[in-house]
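Following: one structure in structure tokens, then a few remarks.
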Amino acid sequence: ISTVMHEGIKPVEVANFYDKWAREDNEYEQELPEDVYNAPIITAAAAAEGLTDTQKSSARVFDVAAGTGMCAVELRKLGFQHFDALDPSEGMLEQAKAKGLYDRYICDFITDKELDIKPDTYDVLTVSAGFGEGHIPCCALHEMIRVVKPGGRIVIVTRAQHLETVAEYKDKLEPLMDSLEAQGKWKKLERRIFPGFFLDKEGICWKYEVC
């Protein structure tokens with residue numbers, strides 16, 4: 001994973017890297033078992049917390065940076081049933097399609113550009129490990145908010161150290177999150193640091209409710 005997290009890597013290079021990784025005899029998931037990588041489990045649990053079984057079974061979930069569907073697998077275990085996936089890597093989405101996890105597969109980057117999705121479409125949006133060097137830019141928060149219904153929730157989980165080591169996020173990501181809250185776009189429900197994101201690296205989980 002450190003191979004794709006080096007400074008200066010471009011989003012297209014990241015997508016190409018994941019394409020290759022996903023297509024090499026499914027090495028991606030083999031190299032990220034639960035005992036060394038818990039981001040999908042943490043993301044799913046945060047998304048499900050406080051929702052009834054009926055709310056979970058009827059919710060439309062947008063899994064951003066969906067990859068091979070590791071987060072969707074965990075969400076299904078908790079009672080969610082309706083998913084759309086977005087990922088810029090065709091190779092990753094091919095793996096997800098083979099599992100039949102999603103209703104719609106969107107191969108694209110998420111930025112501040114509008115996707116082919118109507119406003120207020122989703123009840124839940126998840127981003128499990130989609131932030132990193134050359135990954136999702138800060139400006140994508142605007143598009144995430146646009147596609148989630150008022151009252152819906154957005155859960156973002158990433159490696160905590162990215163807030164200090166990735167120039168795109170350092171002194172930018174959380175100030176933008178706070179600014180969007182001050183503008184009445186969303187409301188923070190949770191911010192917490194947790195162990196075991198990847199090996200000995202700490203993770204960070206944010207959960208917001210869209211206004």
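To be explicit about the labels: the chains of the structure tokens are called A, B, and onward in the order shown, and within each one the residues are counted from 1, while ligands get numbers from 1 in the order they are shown.
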
Quick one: residues within 9 Å of Phe80 of chain A, only C-alpha atoms, excluding same-chain residues fewer than 2 positions away - as a list in words?
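The filter keeps Ala48, Asp53, Gln55, Lys56, Ser57, Ser58, Ala59, Arg60, Val61, Ala72, Leu75, Arg76, Lys77, Leu78, His82 and Phe83 of chain A.
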
I want to know what sits within 10 Å of segment 109-126 of chain A, based on only C-alpha atoms, with residues of the same chain fewer than 5 positions away left out; could you give that as a ChimeraX atom specification?
/A:11-12,15,40,43-44,46-48,55-56,58-66,71-72,75,80,82-89,135-157,207-210

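Atom pair atom CA of Glu133 of chain A / atom CA of Glu168 of chain A has a distance of 7.8 Å (rounded to one decimal).
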
Any chance you could list, as a ChimeraX atom specification, the residues in segment 19-148 of chain A that come up alpha helix (DSSP H) when DSSP is run on the backbone?
/A:19-23,27-30,39-48,53-58,70-77,90-99,140-147

Atomic distance atom CA of Glu49 of chain A - atom CA of Ala98 of chain A, expressed in Å with one decimal
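That distance, rounded to one decimal, is 28.6 Å.
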
Work out how far atom CA of Ile41 of chain A is from atom CA of Gly203 of chain A, in Å to one decimal.
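Rounded to one decimal, the two atoms are 11.9 Å apart.
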